[in-house]
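Data block for data.cif (mmCIF, C-alpha atoms):
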```cif
data_query
loop_
_atom_site.label_atom_id
_atom_site.label_comp_id
_atom_site.auth_asym_id
_atom_site.auth_seq_id
_atom_site.Cartn_x
_atom_site.Cartn_y
_atom_site.Cartn_z
CA MET A 1 -7.31 -15.92 2.11
CA ASN A 2 -9.45 -15.03 5.11
CA GLY A 3 -8.33 -13.31 8.30
CA PRO A 4 -5.19 -11.19 8.76
CA LYS A 5 -2.87 -10.72 5.81
CA PRO A 6 0.03 -13.22 5.72
CA THR A 7 3.36 -11.57 6.49
CA VAL A 8 6.39 -11.74 4.19
CA ALA A 9 9.94 -11.08 5.43
CA LEU A 10 11.71 -9.22 2.65
CA PHE A 11 15.52 -9.29 2.70
CA SER A 12 17.34 -6.38 1.06
CA THR A 13 20.99 -5.98 2.08
CA SER A 14 20.79 -2.18 1.96
CA PHE A 15 17.33 -0.67 2.13
CA LEU A 16 17.33 1.28 -0.05
CA GLN A 17 19.74 2.35 -2.78
CA TYR A 18 18.48 4.80 -5.42
CA SER A 19 19.10 2.19 -8.12
CA GLN A 20 16.68 -0.22 -6.40
CA THR A 21 13.52 1.88 -6.43
CA PHE A 22 11.74 -1.12 -7.96
CA ILE A 23 11.89 -2.91 -4.59
CA TYR A 24 10.20 0.03 -2.89
CA ASP A 25 7.51 0.24 -5.56
CA GLU A 26 6.87 -3.50 -5.32
CA ILE A 27 6.36 -3.70 -1.55
CA ARG A 28 4.07 -0.65 -1.57
CA HIS A 29 1.67 -2.30 -4.03
CA HIS A 30 0.95 -5.47 -2.10
CA ARG A 31 -2.74 -5.96 -1.40
CA ARG A 32 -3.13 -9.48 0.04
CA TYR A 33 0.18 -9.65 1.93
CA ARG A 34 1.99 -7.37 4.34
CA VAL A 35 5.76 -6.96 4.20
CA GLU A 36 8.39 -6.42 6.88
CA VAL A 37 11.86 -5.49 5.67
CA PHE A 38 15.09 -6.96 7.05
CA CYS A 39 18.33 -5.20 6.11
CA GLN A 40 21.90 -4.76 7.22
CA GLU A 41 21.77 -1.02 6.66
CA ARG A 42 18.99 1.55 6.28
CA LEU A 43 19.70 4.05 3.50
CA ASN A 44 17.77 7.11 2.28
CA PRO A 45 14.82 6.76 4.70
CA ALA A 46 13.48 10.21 3.76
CA GLN A 47 13.24 9.22 0.10
CA PHE A 48 11.93 5.71 0.84
CA PRO A 49 9.77 5.91 3.97
CA TYR A 50 8.49 2.51 5.03
CA GLN A 51 7.68 0.62 8.19
CA PRO A 52 8.43 -1.82 9.65
CA VAL A 53 12.11 -2.05 8.74
CA HIS A 54 14.38 -4.19 10.93
CA GLN A 55 17.90 -2.84 10.51
CA LEU A 56 21.23 -3.67 12.07
CA LYS A 57 22.73 -0.24 11.39
CA PRO A 58 22.55 2.60 11.92
CA ARG A 59 21.01 1.47 15.19
CA GLY A 60 22.86 3.62 17.68
CA GLY A 61 25.88 2.60 19.71
CA TRP A 62 28.31 -0.22 19.18
CA LEU A 63 25.80 -3.06 19.52
CA GLY A 64 24.23 -2.59 16.12
CA GLU A 65 27.63 -2.24 14.44
CA LEU A 66 28.83 -5.42 16.12
CA GLU A 67 25.80 -7.43 15.07
CA ALA A 68 26.01 -6.06 11.51
CA PHE A 69 29.67 -7.12 11.33
CA SER A 70 28.79 -10.55 12.71
CA GLN A 71 25.93 -11.03 10.25
CA LYS A 72 28.10 -10.02 7.31
CA ALA A 73 30.65 -12.63 8.38
CA THR A 74 28.24 -15.46 9.24
CA THR A 75 24.94 -14.47 7.47
CA TRP A 76 23.21 -14.96 10.85
CA SER A 77 21.57 -12.35 13.08
CA PRO A 78 20.19 -13.39 16.51
CA ARG A 79 17.84 -10.41 16.45
CA PHE A 80 16.49 -11.28 13.02
CA HIS A 81 16.07 -14.91 14.05
CA HIS A 82 14.16 -13.93 17.18
CA ARG A 83 11.80 -11.69 15.20
CA LEU A 84 11.22 -14.32 12.51
CA ALA A 85 10.71 -17.11 15.06
CA THR A 86 8.27 -15.17 17.24
CA GLY A 87 6.40 -13.22 14.54
CA ASP A 88 3.66 -14.63 12.37
CA PHE A 89 5.74 -14.89 9.18
CA ARG A 90 4.66 -17.16 6.37
CA LEU A 91 7.34 -16.62 3.75
CA LEU A 92 10.81 -15.17 3.00
CA HIS A 93 11.65 -13.14 -0.12
CA ALA A 94 15.17 -11.98 -1.00
CA HIS A 95 16.32 -9.74 -3.84
CA PHE A 96 19.57 -10.55 -5.70
CA GLY A 97 21.43 -13.84 -5.42
CA PRO A 98 24.18 -12.72 -3.00
CA GLY A 99 21.58 -11.11 -0.76
CA SER A 100 19.69 -14.39 -0.56
CA LEU A 101 22.51 -15.83 1.57
CA TYR A 102 21.23 -13.70 4.46
CA ALA A 103 17.77 -15.28 4.19
CA LEU A 104 18.94 -18.86 3.62
CA PRO A 105 19.76 -19.64 7.30
CA TYR A 106 16.18 -18.87 8.35
CA ARG A 107 14.79 -20.97 5.51
CA ILE A 108 16.78 -23.90 6.89
CA ALA A 109 16.21 -23.20 10.59
CA LEU A 110 12.53 -22.19 10.50
CA GLY A 111 11.29 -23.99 7.39
CA LEU A 112 9.75 -20.83 5.90
CA PRO A 113 9.46 -20.96 2.09
CA LEU A 114 12.07 -18.80 0.36
CA VAL A 115 11.61 -16.84 -2.87
CA VAL A 116 14.62 -15.18 -4.53
CA THR A 117 14.43 -12.63 -7.34
CA TYR A 118 17.46 -12.53 -9.66
CA HIS A 119 18.06 -9.28 -11.53
CA GLY A 120 21.08 -9.66 -13.84
CA TYR A 121 24.65 -9.76 -12.57
CA ASP A 122 23.85 -12.30 -9.85
CA VAL A 123 23.41 -15.27 -12.23
CA PRO A 124 26.29 -14.92 -14.76
CA ILE A 125 28.69 -14.17 -11.89
CA LEU A 126 28.37 -17.85 -10.92
CA MET A 127 29.66 -18.81 -14.37
CA SER A 128 32.61 -16.40 -14.61
CA ARG A 129 36.01 -16.23 -12.96
CA SER A 130 34.67 -13.43 -10.80
CA ARG A 131 33.06 -16.08 -8.59
CA TYR A 132 36.51 -16.65 -7.09
CA LEU A 133 36.79 -13.05 -5.92
CA PRO A 134 36.46 -12.62 -2.13
CA ARG A 135 33.18 -10.69 -2.46
CA TYR A 136 31.52 -13.52 -4.43
CA LEU A 137 33.34 -16.65 -3.26
CA ARG A 138 30.90 -17.46 -0.46
CA TYR A 139 27.95 -16.90 -2.79
CA TRP A 140 29.39 -19.38 -5.28
CA MET A 141 30.29 -21.93 -2.60
CA ALA A 142 26.74 -21.75 -1.18
CA SER A 143 25.07 -22.11 -4.58
CA GLY A 144 24.47 -25.83 -4.01
CA LEU A 145 22.55 -25.08 -0.81
CA MET A 146 20.71 -22.34 -2.64
CA PHE A 147 19.54 -24.67 -5.41
CA ARG A 148 18.43 -27.17 -2.78
CA PHE A 149 16.57 -24.90 -0.36
CA VAL A 150 15.23 -21.97 -2.40
CA ASP A 151 11.60 -22.77 -3.15
CA ARG A 152 11.10 -20.41 -6.09
CA PHE A 153 13.61 -18.70 -8.35
CA LEU A 154 12.18 -15.60 -10.03
CA ALA A 155 14.39 -14.63 -12.98
CA ALA A 156 13.98 -11.16 -14.46
CA SER A 157 14.42 -12.43 -18.03
CA GLU A 158 14.13 -15.64 -20.03
CA GLU A 159 17.91 -15.65 -20.43
CA LEU A 160 18.48 -15.56 -16.67
CA ALA A 161 15.95 -18.37 -16.17
CA ARG A 162 17.82 -20.52 -18.70
CA LEU A 163 21.18 -19.77 -17.05
CA LEU A 164 19.83 -20.68 -13.60
CA VAL A 165 18.72 -24.08 -14.88
CA GLU A 166 22.11 -24.60 -16.55
CA LEU A 167 23.80 -23.84 -13.24
CA GLY A 168 21.74 -26.45 -11.40
CA ALA A 169 18.48 -24.85 -10.27
CA PRO A 170 15.62 -27.38 -10.51
CA PRO A 171 13.61 -26.37 -13.60
CA HIS A 172 10.26 -26.74 -11.81
CA LYS A 173 11.35 -24.07 -9.31
CA VAL A 174 12.37 -21.46 -11.91
CA GLU A 175 9.92 -18.87 -13.21
CA VAL A 176 10.42 -15.81 -15.42
CA TRP A 177 9.49 -12.76 -13.40
CA ARG A 178 9.27 -9.33 -15.05
CA LEU A 179 9.29 -6.30 -12.81
CA GLY A 180 6.44 -3.85 -13.19
CA ILE A 181 6.38 -0.08 -13.27
CA GLU A 182 3.91 2.59 -12.27
CA ILE A 183 1.97 3.70 -15.34
CA PRO A 184 1.37 7.47 -15.47
CA LYS A 185 -2.33 8.21 -15.76
CA ALA A 186 -1.87 11.35 -17.85
CA ASP A 187 -1.27 11.09 -21.57
CA PRO A 188 2.30 11.82 -22.68
CA PRO A 189 3.04 15.51 -23.32
CA PRO A 190 3.24 16.63 -26.97
CA ARG A 191 6.57 16.36 -28.77
CA PHE A 192 7.55 19.01 -31.31
CA PRO A 193 9.20 17.66 -34.47
CA ASP A 194 10.76 21.03 -35.35
CA GLN A 195 12.99 20.98 -32.26
CA PRO A 196 16.30 19.11 -31.89
CA LEU A 197 15.84 15.42 -31.11
CA HIS A 198 16.30 14.93 -27.35
CA ILE A 199 18.03 11.62 -26.62
CA LEU A 200 18.28 10.17 -23.12
CA MET A 201 20.67 7.60 -21.64
CA VAL A 202 20.16 6.61 -17.99
CA GLY A 203 22.16 4.26 -15.80
CA ARG A 204 25.44 3.60 -14.05
CA PHE A 205 28.49 4.42 -16.14
CA VAL A 206 29.80 0.85 -16.29
CA GLU A 207 30.80 -1.49 -19.09
CA LYS A 208 27.54 -3.42 -19.47
CA LYS A 209 25.50 -0.26 -20.14
CA GLY A 210 27.30 0.21 -23.48
CA PHE A 211 26.94 3.99 -23.38
CA ASP A 212 30.28 4.36 -25.18
CA TYR A 213 28.67 2.76 -28.24
CA GLY A 214 25.65 5.00 -27.79
CA LEU A 215 27.82 8.12 -27.84
CA GLN A 216 29.71 6.88 -30.90
CA ALA A 217 26.36 6.38 -32.64
CA VAL A 218 25.25 9.87 -31.65
CA ALA A 219 28.43 11.33 -33.15
CA GLU A 220 27.79 9.43 -36.39
CA ALA A 221 24.14 10.57 -36.52
CA ILE A 222 25.20 14.19 -36.03
CA GLY A 223 27.73 13.69 -38.83
CA ARG A 224 24.80 12.68 -41.05
CA GLY A 225 23.07 15.96 -40.36
CA VAL A 226 20.76 15.09 -37.45
CA ASP A 227 20.09 17.97 -35.05
CA LEU A 228 20.03 16.47 -31.55
CA THR A 229 20.98 16.82 -27.90
CA VAL A 230 21.85 14.10 -25.40
CA SER A 231 21.19 13.96 -21.66
CA MET A 232 23.42 11.57 -19.72
CA VAL A 233 22.01 10.61 -16.31
CA GLY A 234 24.23 8.69 -13.92
CA ASP A 235 27.85 8.38 -12.89
CA GLY A 236 30.51 5.74 -12.52
CA PRO A 237 34.01 4.63 -13.50
CA TYR A 238 33.46 5.04 -17.25
CA ARG A 239 32.59 8.74 -17.05
CA SER A 240 36.00 9.99 -18.21
CA ALA A 241 36.00 7.48 -21.11
CA TYR A 242 32.55 8.70 -22.20
CA GLN A 243 33.64 12.33 -22.06
CA ARG A 244 36.71 11.49 -24.12
CA ILE A 245 34.44 10.03 -26.82
CA THR A 246 32.43 13.26 -26.96
CA ARG A 247 35.61 15.29 -27.41
CA GLN A 248 37.01 12.98 -30.07
CA GLY A 249 33.68 13.00 -31.92
CA ALA A 250 33.36 16.78 -31.61
CA ILE A 251 29.96 16.45 -29.91
CA ALA A 252 30.86 17.72 -26.42
CA ASP A 253 28.56 20.73 -26.89
CA LYS A 254 25.64 18.38 -27.65
CA VAL A 255 25.89 16.33 -24.43
CA ARG A 256 24.65 17.33 -20.98
CA TRP A 257 26.07 15.49 -17.94
CA LEU A 258 23.32 15.57 -15.32
CA GLY A 259 24.89 13.26 -12.73
CA VAL A 260 22.84 11.05 -10.43
CA LEU A 261 19.22 12.20 -10.23
CA SER A 262 16.35 11.10 -8.03
CA HIS A 263 13.81 8.73 -9.51
CA ASP A 264 11.21 11.50 -9.76
CA GLN A 265 13.70 13.74 -11.57
CA VAL A 266 14.46 10.97 -14.07
CA LEU A 267 10.76 10.41 -14.74
CA ASP A 268 10.25 14.15 -15.26
CA LEU A 269 13.16 14.21 -17.71
CA MET A 270 11.62 11.34 -19.65
CA GLY A 271 8.52 13.45 -20.13
CA HIS A 272 10.61 15.84 -22.25
CA ALA A 273 12.65 13.26 -24.18
CA ASP A 274 12.08 12.00 -27.72
CA LEU A 275 14.14 8.82 -27.64
CA LEU A 276 15.85 6.54 -25.10
CA LEU A 277 19.01 4.58 -25.91
CA ALA A 278 19.75 1.29 -24.12
CA PRO A 279 22.88 -0.01 -25.94
CA SER A 280 23.73 -2.66 -23.33
CA VAL A 281 26.42 -5.30 -23.84
CA VAL A 282 27.67 -8.43 -22.08
CA ALA A 283 30.64 -7.22 -20.02
CA ARG A 284 33.98 -8.97 -20.01
CA ASP A 285 33.19 -10.57 -16.64
CA GLY A 286 29.84 -11.88 -17.95
CA ASN A 287 27.74 -9.18 -16.28
CA ARG A 288 24.59 -8.35 -18.22
CA GLU A 289 21.19 -6.75 -18.03
CA SER A 290 17.87 -8.43 -17.48
CA GLY A 291 14.75 -6.28 -17.96
CA ILE A 292 15.81 -2.63 -17.95
CA LEU A 293 13.34 -0.55 -15.98
CA VAL A 294 14.26 2.77 -17.60
CA VAL A 295 13.17 1.37 -20.97
CA LYS A 296 9.80 0.42 -19.49
CA GLU A 297 9.43 3.77 -17.75
CA ALA A 298 10.28 5.71 -20.91
CA ASN A 299 7.90 3.56 -22.97
CA ALA A 300 5.13 4.17 -20.43
CA ARG A 301 5.55 7.89 -21.18
CA GLY A 302 5.29 7.44 -24.92
CA VAL A 303 9.05 7.55 -25.52
CA PRO A 304 10.30 4.83 -27.90
CA ALA A 305 13.64 3.16 -27.25
CA ILE A 306 16.50 1.71 -29.27
CA GLY A 307 18.08 -1.22 -27.45
CA THR A 308 20.40 -4.08 -28.17
CA LEU A 309 19.71 -7.77 -28.72
CA HIS A 310 20.83 -8.37 -25.17
CA GLY A 311 19.47 -9.95 -21.99
CA GLY A 312 15.82 -9.14 -21.42
CA ILE A 313 15.69 -6.10 -23.72
CA PRO A 314 14.06 -8.01 -26.64
CA GLU A 315 11.28 -8.99 -24.23
CA ILE A 316 10.49 -5.28 -23.74
CA ILE A 317 11.10 -3.74 -27.17
CA GLU A 318 9.27 -5.12 -30.20
CA ASP A 319 11.62 -4.41 -33.09
CA GLY A 320 10.02 -2.11 -35.66
CA ALA A 321 6.81 -1.77 -33.63
CA THR A 322 7.59 -0.15 -30.26
CA GLY A 323 11.23 0.70 -30.98
CA PHE A 324 14.30 -0.82 -32.59
CA LEU A 325 16.70 -3.61 -31.65
CA VAL A 326 20.30 -3.61 -32.88
CA PRO A 327 23.29 -5.93 -32.35
CA GLU A 328 25.59 -5.32 -29.40
CA ARG A 329 28.67 -3.13 -30.01
CA ASP A 330 27.36 -1.89 -33.36
CA PRO A 331 27.32 1.94 -33.30
CA GLY A 332 26.83 2.07 -37.08
CA THR A 333 23.47 0.29 -37.02
CA LEU A 334 22.49 2.20 -33.90
CA ALA A 335 23.23 5.48 -35.71
CA GLU A 336 21.07 4.37 -38.67
CA ARG A 337 18.12 3.80 -36.33
CA ILE A 338 18.64 7.19 -34.68
CA VAL A 339 18.61 8.85 -38.11
CA THR A 340 15.43 6.96 -39.05
CA LEU A 341 13.52 8.11 -35.98
CA ALA A 342 14.92 11.64 -36.17
CA THR A 343 13.74 12.06 -39.77
CA HIS A 344 10.38 10.32 -39.33
CA PRO A 345 8.61 12.02 -36.39
CA VAL A 346 5.27 10.36 -37.17
CA MET A 347 6.91 6.92 -36.96
CA ARG A 348 8.53 7.96 -33.67
CA TRP A 349 5.18 9.08 -32.26
CA GLU A 350 3.41 5.89 -33.39
CA MET A 351 6.13 3.71 -31.86
CA GLY A 352 5.81 5.64 -28.62
CA GLU A 353 2.06 5.11 -28.56
CA ARG A 354 2.42 1.38 -29.15
CA ALA A 355 5.16 1.17 -26.52
CA ARG A 356 2.95 2.87 -23.95
CA GLN A 357 0.10 0.49 -24.70
CA LYS A 358 2.43 -2.51 -24.31
CA MET A 359 3.53 -1.24 -20.89
CA ILE A 360 -0.10 -0.80 -19.80
CA GLU A 361 -1.00 -4.33 -20.89
CA GLU A 362 2.11 -6.21 -19.71
CA TYR A 363 4.04 -4.23 -17.08
CA ASP A 364 1.54 -2.34 -14.91
CA ILE A 365 2.97 -2.77 -11.41
CA VAL A 366 -0.46 -3.39 -9.88
CA ARG A 367 -0.93 -6.45 -12.08
CA ARG A 368 2.67 -7.57 -11.67
CA VAL A 369 2.41 -7.52 -7.86
CA GLU A 370 -0.87 -9.43 -8.10
CA ALA A 371 1.05 -12.07 -10.08
CA LEU A 372 3.79 -12.06 -7.44
CA GLU A 373 1.19 -12.70 -4.76
CA ASP A 374 -0.03 -15.63 -6.85
CA HIS A 375 3.49 -17.08 -6.56
CA TYR A 376 3.28 -16.61 -2.79
CA ASP A 377 -0.13 -18.32 -2.73
CA ALA A 378 1.25 -21.32 -4.61
CA LEU A 379 4.07 -21.78 -2.10
CA LEU A 380 1.74 -21.54 0.88
#
```

Whole structure, structure tokens version:
Amino acid sequence: MNGPKPTVALFSTSFLQYSQTFIYDEIRHHRRYRVEVFCQERLNPAQFPYQPVHQLKPRGGWLGELEAFSQKATTWSPRFHHRLATGDFRLLHAHFGPGSLYALPYRIALGLPLVVTYHGYDVPILMSRSRYLPRYLRYWMASGLMFRFVDRFLAASEELARLLVELGAPPHKVEVWRLGIEIPKADPPPRFPDQPLHILMVGRFVEKKGFDYGLQAVAEAIGRGVDLTVSMVGDGPYRSAYQRITRQGAIADKVRWLGVLSHDQVLDLMGHADLLLAPSVVARDGNRESGILVVKEANARGVPAIGTLHGGIPEIIEDGATGFLVPERDPGTLAERIVTLATHPVMRWEMGERARQKMIEEYDIVRRVEALEDHYDALL
């Protein structure tokens, strides 16, 4: 493309939550497009500095609050419409299915192509009884319009792509889209096999993460004589249940509860870990993972992972080569894999090396954003 860079309007309901660092990384790596952000609420601006961001709140005074309330009720913002109609925008991009409802009116009114990235919970929710809940009812009722007017559906895993087509998305509009990560330039720091195995679990303490099965597996591995420690990063409603498991399994002294950490702190912690566990499961309401970024980030630092045969995890971990895959809700098999990697440090190191190479070849964010811009090109 010649001349000024085409402008993309990126819709993110709250810009930006700590759990959505991937959005920030993505927009900062654009080369052939420029991005303006549209959000209901601006969060953590010191941690995620970016301009321009068009926000409804906090905006100062009652006017911003009133417009934010109105947009939440109707999905329409006069101020956003004025900016989109008078600016030189070429394309709309929304993250998460429910958030796409706030971009859909401008797709219809202004005829700008709309891309939506789906990340996990936002697809199966349309197939579960949760779609009748007040917070999701409008999203479900508007799904027919969504399938008609969205120009490209980017699904974060092959499973999500298949589910979107089953729900009614035109197959020719659906593409698998895997989020990239920043690859550290420095080689991973040395790991010392004579020290206790340092296991890491990172994420919200909710059902789909499956950390309860991970802790059960840790207790079993310790019972088999493995010397290890566990760092738990995150928080959520399942915290007390997890802590109860550590007490029942007599491993409370082996587990550190680090709470919610910044992205940089998590990456630093990965540099000192030996193994990442991602024991995710399909939750009772159908919620599931797509491509777990912490697995990619750990792999990029030479840390192998044990994950479940779930969602997009098998697309990241190559069983027996870059890590291990185990069935969901199977702490026994998970414990066996922990014991294997704890007692075979050379295998663990080799898996970490292969995992890092896979991340360099397939998930480098620079290349992934170049591929995203190719999607934009095709729509324009």

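The coordinates place atom CA of Pro124 of chain A at 29.2 Å from atom CA of Asp377 of chain A.
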
Determine the residue membership of the PyMOL selection byres ((chain A and resi 21) around 12) for the file above and supply it as a PDB file with C-alpha atoms, keeping the file's coordinate frame.
```pdb
ATOM      1  CA  SER A  12      17.340  -6.380   1.060  1.00  0.00           C
ATOM      2  CA  SER A  14      20.790  -2.180   1.960  1.00  0.00           C
ATOM      3  CA  PHE A  15      17.330  -0.670   2.130  1.00  0.00           C
ATOM      4  CA  LEU A  16      17.330   1.280  -0.050  1.00  0.00           C
ATOM      5  CA  GLN A  17      19.740   2.350  -2.780  1.00  0.00           C
ATOM      6  CA  TYR A  18      18.480   4.800  -5.420  1.00  0.00           C
ATOM      7  CA  SER A  19      19.100   2.190  -8.120  1.00  0.00           C
ATOM      8  CA  GLN A  20      16.680  -0.220  -6.400  1.00  0.00           C
ATOM      9  CA  PHE A  22      11.740  -1.120  -7.960  1.00  0.00           C
ATOM     10  CA  ILE A  23      11.890  -2.910  -4.590  1.00  0.00           C
ATOM     11  CA  TYR A  24      10.200   0.030  -2.890  1.00  0.00           C
ATOM     12  CA  ASP A  25       7.510   0.240  -5.560  1.00  0.00           C
ATOM     13  CA  GLU A  26       6.870  -3.500  -5.320  1.00  0.00           C
ATOM     14  CA  ILE A  27       6.360  -3.700  -1.550  1.00  0.00           C
ATOM     15  CA  ARG A  28       4.070  -0.650  -1.570  1.00  0.00           C
ATOM     16  CA  LEU A  43      19.700   4.050   3.500  1.00  0.00           C
ATOM     17  CA  ASN A  44      17.770   7.110   2.280  1.00  0.00           C
ATOM     18  CA  GLN A  47      13.240   9.220   0.100  1.00  0.00           C
ATOM     19  CA  PHE A  48      11.930   5.710   0.840  1.00  0.00           C
ATOM     20  CA  PRO A  49       9.770   5.910   3.970  1.00  0.00           C
ATOM     21  CA  LEU A 179       9.290  -6.300 -12.810  1.00  0.00           C
ATOM     22  CA  GLY A 180       6.440  -3.850 -13.190  1.00  0.00           C
ATOM     23  CA  ILE A 181       6.380  -0.080 -13.270  1.00  0.00           C
ATOM     24  CA  GLU A 182       3.910   2.590 -12.270  1.00  0.00           C
ATOM     25  CA  SER A 262      16.350  11.100  -8.030  1.00  0.00           C
ATOM     26  CA  HIS A 263      13.810   8.730  -9.510  1.00  0.00           C
ATOM     27  CA  ASP A 264      11.210  11.500  -9.760  1.00  0.00           C
ATOM     28  CA  VAL A 266      14.460  10.970 -14.070  1.00  0.00           C
ATOM     29  CA  LEU A 293      13.340  -0.550 -15.980  1.00  0.00           C
ATOM     30  CA  VAL A 294      14.260   2.770 -17.600  1.00  0.00           C
TER      31      VAL A 294
END
```

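Our summary of the geometry notes that atom CA of Tyr33 of chain A is positioned 11.6 Å from atom CA of Leu10 of chain A.
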
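For Val326 of chain A, the set of protein, DNA and RNA residues having any atom at most 10 Å away, when counting only C-alpha atoms and skipping those fewer than 6 positions along the same chain, is Pro279, Ile306, Gly307, Thr308, Leu309, His310, Pro314, Asp319, Gly332, Thr333, Leu334, Ala335, Glu336 and Arg337 of chain A.
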
> Applied to the shown file, which residues does the PyMOL selection byres ((chain A and resi 364) around 10) return, written as a count of residues only?
Replying inline: 19

>> Which residue is closest to Arg79 of chain A? Choose from A:Glu350, A:Gly203, A:Phe38, A:Thr117 and count all atoms listed in the file.
In response: A:Phe38

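Using only C-alpha atoms, the smallest distance between any of A:Ser143, A:Arg288, A:Ala278, A:Val295 and Arg131 of chain A comes from A:Ser143.
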
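Evaluated on this file, the PyMOL selection byres ((chain A and resi 152-163) around 6) matches Val115, Val116, Thr117, Tyr118, His119, Val150, Asp151, Leu164, Val165, Glu166, Lys173, Val174, Glu175, Val176, Trp177, Arg178, Ser290 and Gly312 of chain A.
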
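Using all atoms listed in the file for every distance, the candidate list A:Arg256, A:Lys5, A:Gly111, A:Gly97 yields A:Gly97 as the residue closest to Tyr136 of chain A.
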
> So which residues touch segment 137-142 of chain A within 12 Å, counting all atoms listed in the file, skipping near sequence neighbours fewer than 2 positions away, as a ChimeraX atom specification?
Replying inline: /A:72-75,96-102,104-105,122-135,144-150,167

Would you mind exporting C-alpha atoms of the selected residues as a PDB file, in the coordinates of the input?
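Output file part32.pdb is given in full below:
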```pdb
ATOM      1  CA  LYS A  72      28.100 -10.020   7.310  1.00  0.00           C
ATOM      2  CA  ALA A  73      30.650 -12.630   8.380  1.00  0.00           C
ATOM      3  CA  THR A  74      28.240 -15.460   9.240  1.00  0.00           C
ATOM      4  CA  THR A  75      24.940 -14.470   7.470  1.00  0.00           C
ATOM      5  CA  PHE A  96      19.570 -10.550  -5.700  1.00  0.00           C
ATOM      6  CA  GLY A  97      21.430 -13.840  -5.420  1.00  0.00           C
ATOM      7  CA  PRO A  98      24.180 -12.720  -3.000  1.00  0.00           C
ATOM      8  CA  GLY A  99      21.580 -11.110  -0.760  1.00  0.00           C
ATOM      9  CA  SER A 100      19.690 -14.390  -0.560  1.00  0.00           C
ATOM     10  CA  LEU A 101      22.510 -15.830   1.570  1.00  0.00           C
ATOM     11  CA  TYR A 102      21.230 -13.700   4.460  1.00  0.00           C
ATOM     12  CA  LEU A 104      18.940 -18.860   3.620  1.00  0.00           C
ATOM     13  CA  PRO A 105      19.760 -19.640   7.300  1.00  0.00           C
ATOM     14  CA  ASP A 122      23.850 -12.300  -9.850  1.00  0.00           C
ATOM     15  CA  VAL A 123      23.410 -15.270 -12.230  1.00  0.00           C
ATOM     16  CA  PRO A 124      26.290 -14.920 -14.760  1.00  0.00           C
ATOM     17  CA  ILE A 125      28.690 -14.170 -11.890  1.00  0.00           C
ATOM     18  CA  LEU A 126      28.370 -17.850 -10.920  1.00  0.00           C
ATOM     19  CA  MET A 127      29.660 -18.810 -14.370  1.00  0.00           C
ATOM     20  CA  SER A 128      32.610 -16.400 -14.610  1.00  0.00           C
ATOM     21  CA  ARG A 129      36.010 -16.230 -12.960  1.00  0.00           C
ATOM     22  CA  SER A 130      34.670 -13.430 -10.800  1.00  0.00           C
ATOM     23  CA  ARG A 131      33.060 -16.080  -8.590  1.00  0.00           C
ATOM     24  CA  TYR A 132      36.510 -16.650  -7.090  1.00  0.00           C
ATOM     25  CA  LEU A 133      36.790 -13.050  -5.920  1.00  0.00           C
ATOM     26  CA  PRO A 134      36.460 -12.620  -2.130  1.00  0.00           C
ATOM     27  CA  ARG A 135      33.180 -10.690  -2.460  1.00  0.00           C
ATOM     28  CA  GLY A 144      24.470 -25.830  -4.010  1.00  0.00           C
ATOM     29  CA  LEU A 145      22.550 -25.080  -0.810  1.00  0.00           C
ATOM     30  CA  MET A 146      20.710 -22.340  -2.640  1.00  0.00           C
ATOM     31  CA  PHE A 147      19.540 -24.670  -5.410  1.00  0.00           C
ATOM     32  CA  ARG A 148      18.430 -27.170  -2.780  1.00  0.00           C
ATOM     33  CA  PHE A 149      16.570 -24.900  -0.360  1.00  0.00           C
ATOM     34  CA  VAL A 150      15.230 -21.970  -2.400  1.00  0.00           C
ATOM     35  CA  LEU A 167      23.800 -23.840 -13.240  1.00  0.00           C
TER      36      LEU A 167
END
```

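Counting from atom CA of Val281 of chain A, the distance to atom CA of Val202 of chain A is 14.7 Å.
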
> Looking at only C-alpha atoms, which of A:Arg354, A:Val37, A:Ala342, A:Pro58 is the one that sits closest to Arg224 of chain A?
Replying inline: A:Ala342

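Residues in contact with Tyr238 of chain A at up to 6 Å, not including ones fewer than 2 positions away on its chain and judged by only C-alpha atoms, are Phe205, Val206, Gly236, Ser240 and Ala241 of chain A.
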
> Within 10 Å of (23.6, -2.7, 11.9), in the coordinates the file gives, what residues turn up when you count only C-alpha atoms, written out as a VMD selection string?
Replying inline: chain A and resid 39 to 42 54 to 72 77

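Distances from A:Leu258, A:Leu275, A:Ala371, A:Ala378 to Trp349 of chain A were compared using only C-alpha atoms, and the smallest one belongs to A:Leu275.
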
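Of the listed residues (A:Ala169, A:Ala85, A:Met270, A:Ala9), A:Met270 comes nearest to Val233 of chain A; the distances count all atoms listed in the file.
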